[in-house]
Structure formats: C-alpha cells, structure tokens
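Student: Data: protein-v6.txt, compact mmCIF, C-alpha atoms.
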# COMPACT_ATOMS: atom_id res chain seq x y z
CA MET A 1 -158.13 22.61 -42.56
CA SER A 2 -155.54 23.84 -40.07
CA HIS A 3 -153.07 26.63 -40.81
CA GLN A 4 -149.55 26.86 -39.44
CA ILE A 5 -149.11 29.89 -37.21
CA ASP A 6 -145.81 31.11 -35.79
CA ALA A 7 -144.76 33.02 -32.69
CA LEU A 8 -145.59 36.42 -34.24
CA ASP A 9 -149.07 35.27 -35.26
CA ARG A 10 -149.67 34.15 -31.69
CA GLN A 11 -148.55 37.51 -30.33
CA ILE A 12 -150.95 39.31 -32.68
CA ILE A 13 -153.84 37.02 -31.71
CA ARG A 14 -153.10 37.44 -28.00
CA ALA A 15 -153.00 41.24 -28.36
CA LEU A 16 -156.38 41.27 -30.11
CA GLN A 17 -157.88 38.90 -27.54
CA GLU A 18 -156.89 41.39 -24.85
CA ASN A 19 -158.38 44.30 -26.80
CA GLY A 20 -160.11 43.76 -30.14
CA ARG A 21 -159.94 47.50 -30.87
CA LYS A 22 -156.14 47.65 -30.56
CA SER A 23 -154.61 49.35 -33.60
CA ASN A 24 -151.98 47.87 -35.87
CA VAL A 25 -149.58 50.58 -34.71
CA ASP A 26 -150.08 49.63 -31.05
CA ILE A 27 -149.62 45.92 -31.77
CA ALA A 28 -146.49 46.63 -33.82
CA ARG A 29 -145.06 48.63 -30.92
CA GLU A 30 -145.79 45.82 -28.46
CA VAL A 31 -144.17 43.05 -30.52
CA ASP A 32 -141.37 45.21 -31.97
CA VAL A 33 -142.09 44.87 -35.71
CA THR A 34 -143.27 47.33 -38.35
CA GLU A 35 -146.90 48.33 -38.75
CA ALA A 36 -146.80 47.00 -42.33
CA THR A 37 -145.81 43.56 -41.03
CA ILE A 38 -148.76 43.54 -38.61
CA ARG A 39 -151.14 44.67 -41.37
CA LYS A 40 -150.01 41.87 -43.73
CA ARG A 41 -150.12 39.25 -41.01
CA LEU A 42 -153.56 40.35 -39.85
CA ASP A 43 -154.90 40.35 -43.42
CA ARG A 44 -153.66 36.76 -43.82
CA LEU A 45 -155.09 35.61 -40.47
CA LEU A 46 -158.48 37.07 -41.41
CA SER A 47 -158.53 35.86 -45.03
CA GLN A 48 -157.60 32.32 -43.97
CA GLU A 49 -160.26 32.46 -41.23
CA VAL A 50 -157.69 31.73 -38.55
CA ILE A 51 -159.36 34.48 -36.50
CA HIS A 52 -162.64 36.40 -36.52
CA ILE A 53 -162.90 39.82 -34.92
CA THR A 54 -166.32 40.29 -33.33
CA ALA A 55 -167.94 42.01 -30.34
CA ALA A 56 -168.65 39.83 -27.29
CA PRO A 57 -171.60 41.30 -25.37
CA ASN A 58 -171.69 41.19 -21.58
CA LEU A 59 -174.79 39.05 -21.14
CA ALA A 60 -175.65 40.45 -17.73
CA ARG A 61 -175.38 44.05 -18.96
CA VAL A 62 -177.70 43.40 -21.90
CA GLY A 63 -180.29 41.61 -19.76
CA MET A 64 -179.54 38.06 -20.96
CA ASP A 65 -178.14 36.66 -17.72
CA THR A 66 -180.33 33.53 -17.58
CA GLY A 67 -178.24 30.81 -19.19
CA ALA A 68 -178.56 27.07 -19.58
CA LEU A 69 -176.80 24.11 -21.11
CA ILE A 70 -179.24 21.71 -22.75
CA ALA A 71 -178.32 18.14 -23.67
CA LEU A 72 -180.43 16.33 -26.26
CA GLN A 73 -180.89 12.77 -27.38
CA VAL A 74 -182.17 12.78 -30.95
CA ASP A 75 -183.10 10.50 -33.79
CA LEU A 76 -179.71 10.19 -35.51
CA THR A 77 -181.39 9.98 -38.89
CA TYR A 78 -182.36 13.64 -38.52
CA ILE A 79 -179.51 14.94 -36.35
CA GLY A 80 -178.24 17.32 -39.06
CA GLN A 81 -181.65 18.89 -39.59
CA ILE A 82 -182.25 19.16 -35.85
CA ALA A 83 -178.86 20.81 -35.30
CA GLU A 84 -179.57 23.37 -38.03
CA GLN A 85 -183.01 24.18 -36.59
CA LEU A 86 -181.50 24.68 -33.14
CA ALA A 87 -178.73 26.88 -34.54
CA ASP A 88 -181.33 29.13 -36.18
CA LEU A 89 -183.05 29.89 -32.86
CA PRO A 90 -182.07 33.41 -31.74
CA HIS A 91 -181.38 32.52 -28.09
CA VAL A 92 -178.98 29.66 -28.94
CA ARG A 93 -175.32 30.65 -28.48
CA SER A 94 -173.75 27.37 -29.61
CA VAL A 95 -174.65 23.89 -30.86
CA CYS A 96 -172.24 20.96 -30.59
CA TYR A 97 -172.29 17.35 -31.68
CA THR A 98 -171.20 15.17 -28.75
CA THR A 99 -170.39 11.59 -27.90
CA GLY A 100 -171.82 9.66 -24.98
CA GLU A 101 -175.36 9.58 -23.66
CA TYR A 102 -176.41 12.74 -25.50
CA ASP A 103 -176.03 13.58 -29.17
CA LEU A 104 -176.21 17.38 -29.10
CA PHE A 105 -175.37 20.08 -26.58
CA LEU A 106 -176.49 23.66 -26.85
CA GLU A 107 -176.01 26.76 -24.76
CA VAL A 108 -178.75 29.37 -24.54
CA ALA A 109 -178.93 32.91 -23.16
CA LEU A 110 -182.31 34.36 -22.13
CA SER A 111 -183.77 37.17 -20.06
CA SER A 112 -185.57 35.17 -17.37
CA ASP A 113 -186.50 31.74 -16.07
CA GLN A 114 -189.90 32.26 -17.66
CA ASP A 115 -188.22 32.74 -21.04
CA LEU A 116 -186.22 29.55 -20.43
CA LEU A 117 -189.40 27.64 -19.65
CA HIS A 118 -190.98 28.94 -22.86
CA PHE A 119 -187.87 27.98 -24.83
CA LEU A 120 -187.97 24.40 -23.52
CA THR A 121 -191.70 23.84 -23.83
CA GLY A 122 -192.21 25.83 -27.00
CA ASP A 123 -189.13 26.11 -29.22
CA ILE A 124 -187.49 22.79 -28.30
CA ALA A 125 -190.62 20.70 -27.86
CA CYS A 126 -191.89 21.46 -31.36
CA ILE A 127 -188.80 20.13 -33.17
CA PRO A 128 -189.46 16.56 -34.39
CA GLY A 129 -186.84 13.91 -33.67
CA ILE A 130 -185.83 15.05 -30.19
CA ARG A 131 -186.24 12.09 -27.85
CA LYS A 132 -184.95 13.37 -24.52
CA THR A 133 -183.54 16.55 -23.01
CA SER A 134 -181.66 17.44 -19.85
CA THR A 135 -181.29 21.06 -18.81
CA PHE A 136 -178.48 22.46 -16.67
CA HIS A 137 -179.17 25.94 -15.35
CA ILE A 138 -176.01 28.09 -15.30
CA MET A 139 -175.75 29.59 -11.82
CA LYS A 140 -172.53 31.57 -12.28
CA ARG A 141 -170.02 32.06 -15.07
CA ILE A 142 -166.37 31.92 -14.03
CA LYS A 143 -164.78 32.17 -17.46
CA GLU A 144 -166.30 33.34 -20.71
CA GLU A 145 -165.29 32.20 -24.18
CA HIS A 146 -163.73 35.54 -25.03
CA GLN A 147 -161.48 35.25 -21.94
CA TRP A 148 -159.82 32.12 -23.30
CA THR A 149 -156.40 32.74 -24.81
CA LEU A 150 -154.50 30.64 -27.29
CA PRO A 151 -152.24 28.20 -25.38
CA ALA A 152 -148.53 28.18 -26.02
CA PRO A 153 -147.55 25.61 -28.65
CA SER A 154 -145.75 22.42 -27.74
CA PRO A 155 -142.00 22.89 -28.14
CA PRO A 156 -140.64 21.67 -31.48
CA SER A 157 -139.04 18.24 -31.35
CA ILE A 158 -135.56 17.71 -32.75
CA LEU A 159 -134.19 14.29 -33.74
CA ILE A 160 -130.41 14.07 -33.29
CA VAL A 161 -128.89 11.31 -35.41
CA ASP A 162 -125.29 10.71 -34.28
CA ASP A 163 -123.27 7.77 -32.96
CA ASP A 164 -121.16 9.96 -30.66
CA PRO A 165 -122.87 9.88 -27.23
CA ASP A 166 -120.89 12.91 -26.05
CA PHE A 167 -122.14 14.99 -29.01
CA VAL A 168 -125.71 13.81 -28.45
CA GLU A 169 -125.58 14.64 -24.74
CA ALA A 170 -124.00 18.08 -25.22
CA THR A 171 -126.34 19.00 -28.09
CA SER A 172 -129.38 17.80 -26.15
CA ILE A 173 -128.46 20.08 -23.25
CA VAL A 174 -128.11 23.06 -25.60
CA LEU A 175 -131.38 22.40 -27.42
CA GLU A 176 -133.43 21.68 -24.30
CA ALA A 177 -132.15 24.92 -22.77
CA ALA A 178 -133.37 26.68 -25.95
CA GLY A 179 -136.87 25.23 -25.49
CA PHE A 180 -136.78 22.19 -27.79
CA GLU A 181 -137.69 18.59 -27.08
CA VAL A 182 -135.01 16.10 -28.11
CA THR A 183 -134.93 12.48 -29.24
CA ALA A 184 -131.90 10.61 -30.55
CA ALA A 185 -130.84 7.82 -32.87
CA ALA A 186 -127.35 6.36 -33.35
CA SER A 187 -127.51 5.45 -37.05
CA GLY A 188 -129.37 6.13 -40.28
CA ASP A 189 -131.42 2.95 -39.88
CA GLN A 190 -132.40 3.89 -36.33
CA ALA A 191 -133.37 7.36 -37.54
CA LEU A 192 -135.66 5.98 -40.23
CA ALA A 193 -137.25 3.59 -37.74
CA THR A 194 -137.80 6.49 -35.35
CA LEU A 195 -139.41 8.56 -38.11
CA ASP A 196 -141.93 5.77 -38.68
CA ARG A 197 -143.15 6.27 -35.10
CA HIS A 198 -142.47 9.91 -34.37
CA ARG A 199 -142.43 12.99 -36.58
CA PRO A 200 -139.97 15.65 -35.32
CA ALA A 201 -139.86 19.24 -36.52
CA LEU A 202 -136.24 18.85 -37.72
CA VAL A 203 -133.48 16.26 -38.00
CA ILE A 204 -129.84 16.90 -37.11
CA MET A 205 -127.98 14.31 -39.19
CA ASP A 206 -124.38 13.15 -38.80
CA ILE A 207 -122.75 11.59 -41.88
CA MET A 208 -120.18 9.06 -40.67
CA MET A 209 -121.90 6.48 -38.46
CA LYS A 210 -122.41 2.78 -39.29
CA GLY A 211 -120.93 3.52 -42.70
CA ILE A 212 -118.86 6.43 -43.97
CA LEU A 213 -121.89 7.95 -45.72
CA ASP A 214 -124.58 6.42 -43.48
CA GLY A 215 -126.26 9.74 -42.73
CA LEU A 216 -126.18 10.77 -46.38
CA HIS A 217 -127.98 7.59 -47.43
CA ALA A 218 -130.58 8.04 -44.68
CA SER A 219 -131.16 11.63 -45.82
CA TRP A 220 -131.74 10.47 -49.40
CA GLN A 221 -134.38 8.04 -48.11
CA ILE A 222 -136.05 10.87 -46.16
CA ARG A 223 -136.18 13.02 -49.30
CA ALA A 224 -137.57 10.09 -51.33
CA ASP A 225 -140.45 9.51 -48.89
CA PRO A 226 -143.51 11.63 -49.86
CA GLU A 227 -144.50 11.98 -46.21
CA LEU A 228 -141.01 13.05 -45.08
CA ARG A 229 -139.59 14.98 -48.03
CA ASN A 230 -140.44 18.37 -46.52
CA LEU A 231 -138.90 17.53 -43.15
CA PRO A 232 -135.94 19.90 -42.54
CA VAL A 233 -132.61 18.08 -42.35
CA LEU A 234 -129.57 19.85 -40.92
CA MET A 235 -126.36 17.91 -41.52
CA VAL A 236 -123.75 18.37 -38.80
CA SER A 237 -120.58 16.41 -39.42
CA SER A 238 -116.78 16.46 -39.31
CA ILE A 239 -116.49 14.71 -42.69
CA ALA A 240 -115.28 17.90 -44.39
CA ASN A 241 -112.15 17.79 -42.21
CA SER A 242 -111.55 14.05 -42.60
CA HIS A 243 -109.83 11.75 -45.07
CA TYR A 244 -113.28 11.01 -46.54
CA ALA A 245 -114.06 14.57 -47.60
CA GLU A 246 -113.78 13.71 -51.30
CA MET A 247 -116.50 11.07 -50.93
CA PHE A 248 -119.02 13.70 -49.87
CA PRO A 249 -121.00 15.31 -52.72
CA THR A 250 -121.07 19.02 -53.49
CA ASP A 251 -123.52 21.30 -51.69
CA GLU A 252 -125.85 21.29 -54.69
CA ASN A 253 -126.37 17.54 -54.40
CA ILE A 254 -126.76 16.91 -50.68
CA PRO A 255 -130.26 15.95 -49.50
CA ALA A 256 -130.30 18.50 -46.69
CA ASP A 257 -131.38 22.05 -45.97
CA ASN A 258 -127.93 23.04 -44.75
CA PHE A 259 -124.58 21.63 -43.67
CA LEU A 260 -122.55 22.67 -40.64
CA SER A 261 -119.07 21.38 -39.98
CA LYS A 262 -118.22 20.17 -36.47
CA PRO A 263 -117.55 21.62 -34.03
CA VAL A 264 -120.49 24.00 -34.13
CA PRO A 265 -120.84 26.80 -31.52
CA PRO A 266 -124.08 26.27 -29.57
CA GLU A 267 -125.49 29.70 -30.44
CA LYS A 268 -124.84 29.10 -34.15
CA LEU A 269 -126.60 25.72 -34.02
CA VAL A 270 -129.67 27.14 -32.26
CA LYS A 271 -129.81 30.11 -34.65
CA GLU A 272 -129.70 27.82 -37.69
CA ILE A 273 -132.40 25.53 -36.28
CA ASN A 274 -134.64 28.52 -35.62
CA ARG A 275 -134.02 29.80 -39.14
CA LEU A 276 -134.97 26.46 -40.69
CA LEU A 277 -138.06 26.19 -38.51
CA LYS A 278 -138.88 29.90 -38.73
CA TRP A 279 -139.49 29.57 -35.00
CA GLY A 280 -138.48 32.23 -32.52
CA GLY A 281 -139.48 30.55 -29.27
Is it possible to express this structure as structure tokens?
Tutor:
Amino acid sequence: MSHQIDALDRQIIRALQENGRKSNVDIAREVDVTEATIRKRLDRLLSQEVIHITAAPNLARVGMDTGALIALQVDLTYIGQIAEQLADLPHVRSVCYTTGEYDLFLEVALSSDQDLLHFLTGDIACIPGIRKTSTFHIMKRIKEEHQWTLPAPSPPSILIVDDDPDFVEATSIVLEAAGFEVTAAASGDQALATLDRHRPALVIMDIMMKGILDGLHASWQIRADPELRNLPVLMVSSIANSHYAEMFPTDENIPADNFLSKPVPPEKLVKEINRLLKWGG
C-alpha cells in the first residue's frame, strides 16, 4: 500500500538520506519548520513504514568486498520456498522475483572468491528446485543503494475546463510557470470524457459554457462518481457578476472545494491551488 507524501516529507527523507544521524533540530533548521513538526512527521513516516532508518556498512571496510549477482531458474512450483531459503542465507543482501529468462535474482557479499565458490557449490547447490544459475562477479561498485535519493515527484496535472480560449491560454501560462502540467477541455461533457482517460490532481471549472450551468452540472457528476468524488474542483467563473447570478446555488450547495470570481489575480489562483493540493512545489 502506497502512502501520499508531500514536499516536506521529501525534504525530511532527503536530509536523513544524506545523514541518518541528523537531529530533528538540524532538519527543522534546514527546512524552516518547527522541531515539533519534524518529530510528528518523522513518527508518521516511521509508523507507516514509509522509511526505515538503518546503518549501511561499507562492504570494503568490513572485509566483504567480493560481491556477485546470481540469476536463478527454478521450479516455479517451489519458487516461494526457494526464495525464503535464499533470503535466510547470511551472505545474501537481496532476493528479487524477476521476469524473463531467470526467475530470481540475488546479490551476495562475501570475503573472498573462495567464499563465493563455497556459496555457489555448497549453499546454492543444496537447495532443491534450482535448475540453472548464472553468476555475475561485481568488479566495481559505482553507486550503492544508500546513495540513491528519492526522485522529485511528477508535477501535479491541472485540468482547465473553460470555453474561453484566452482564459485557458493565460491560465496555462501561469500554471506551467508555477510547475504544473496543464490539460484543457471546453465544456462539461469534454471534461468528463477527459476524466475517463486522464486523472488530474485538480479541476478548474468554469460555469457558463455550453449551457448557463454547464460546469455546475459537470461538477455534480464528478461528485456522484465514486472514483472522482475526492477530486478537488475549483470553480472559477464570472457568473456572480452576470445576469444569471440568481441561478447559481449558495456556497453550501455547490459541488466544489472553492469558488473564485473572475478575474482572478495569478498569484491568488496559484495560492488557492496549492492550498487545495497541499502542495508547495
């Protein structure tokens, strides 16, 4: 099960990847939040098993600089048992199920080539169900697992639903400059069709398009769909300043997370989107 992490979580993880002994106070100073915030976030990341804080030994310094990748073809009937037996061997660093010619891959760390030979002819050879092995001796390590850092997330995608091409173009420029990806639809029907194919992080919904309340009706359908009901909808419309204002329901009844009346200053629009997404870039 995956857990949603935000920009602050990523900063905390990156800080700990750089130095696992870094204190909460030091991390708080780096990311400009309180120590209590870091402590609560770190407790959550640990309790949800998003991260594990462990020591990563330098294999060469501890005399385990003979490494190998071993690919195995096995009897698939017993692959689970074989994988567990391999994982229990003390020199095995990792065991992975794989597709292709081989069914399992494991990485081992040993003290010498002689130990590797003993591992292959003794430990591996005595496990029933292994049909074939191929061994790849690791000559030099360029990057270790603990040197990998969490990649930046893909930018959130925003769906702009508006039949005014000038508004769509101007808003797209603003949002792309703020780090968002943008798609567009010109009516409620087009928006719903787009949502069948692509799931954005948020929808900016105009009201008056093909019909006076076209966007309102589309938003009701979004809220009625179990797979879409939690999708943030930000209504941005000039209906409040039009002759049709009385046709628009009260704030308590609109199927949206917020309503902004056009024209909206760019900085206000970006700030509201970030608030709804709880995303700080």
Student: CA of Gly129 in chain A to CA of Gln73 in chain A: how many Å, to one decimal?
Tutor: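 For CA of Gly129 in chain A relative to CA of Gln73 in chain A, the distance reads 8.7 Å.
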Student: Find the residue from A:Gly122, A:Asn19, A:Lys132, A:Ala68 that sits nearest to Glu107 in chain A; use only C-alpha atoms when measuring.
Tutor: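 Under the stated criterion, the closest residue is A:Ala68.
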Student: Calculate how many Å separate CA of Leu195 in chain A from CA of Ile160 in chain A, rounding to one decimal.
Tutor: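 It comes out at 11.6 Å.
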Student: Expressed in Å to a single decimal, how great is the separation between CA of Lys278 in chain A and CA of Ala7 in chain A?
Tutor: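 Atom-to-atom, CA of Lys278 in chain A to CA of Ala7 in chain A, that is 9.0 Å.
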Student: Between A:Leu69, A:Leu46, A:Ala170, A:Leu277, single out the one closest to Leu120 in chain A, counting all atoms listed in the file.
Tutor: A:Leu69
Student: Once 4 Å is added on each side, what are the centre and the three edge lengths, in Å to one decimal, of the axis-aligned box enclosing the listed atoms of range 200-214 of chain A? Present them as AutoDock Vina command-line options.
Tutor:
--center_x -129.4 --center_y 11.0 --center_z -40.5 --size_x 29.1 --size_y 24.5 --size_z 18.4
Student: Which is closer to Ala55 in chain A than all the others in A:His3, A:Leu8, A:His146, A:Ala191, using all atoms listed in the file?
Tutor: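 Smallest distance to Ala55 in chain A is found for A:His146.
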Student: Rank A:Asp206, A:Asn274, A:Val50, A:Pro263 by their smallest atom-to-atom distance to Leu150 in chain A, using all atoms listed in the file, and report the top residue only.
Tutor: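 Distance minimum relative to Leu150 in chain A lands on A:Val50.
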Student: Using only C-alpha atoms, can you tell me which of A:Leu228, A:Ala245, A:Val236, A:Ile127 comes closest to Tyr78 in chain A?
Tutor: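 With only C-alpha atoms as the atom set, the closest residue is A:Ile127.
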Student: I need the residue nearest Pro266 in chain A from this list: A:Ser172, A:Asn253, A:Gln221, A:Asn230. Use all atoms listed in the file for the distance.
Tutor: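 Once distances to Pro266 in chain A are computed over all atoms listed in the file, the minimum belongs to A:Ser172.
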Student: Quick one: everything within 9 Å of range 111-115 of chain A, counting all atoms listed in the file, minus sequence neighbours fewer than 6 positions away in the same chain. Send it as an NGL selection string.
Tutor: :A and (62-67)
Student: Excluding Ile53 in chain A and residues on its chain fewer than 4 positions from it, collect all residues at most 12 Å away from it, counting only C-alpha atoms, and give them as a list in words.
Tutor: Ile13, Ala15, Leu16, Gln17, Glu18, Asn19, Gly20, Arg21, Lys22, Leu42, Asp43, Leu45, Leu46, Ser47, Glu49 and His146 of chain A
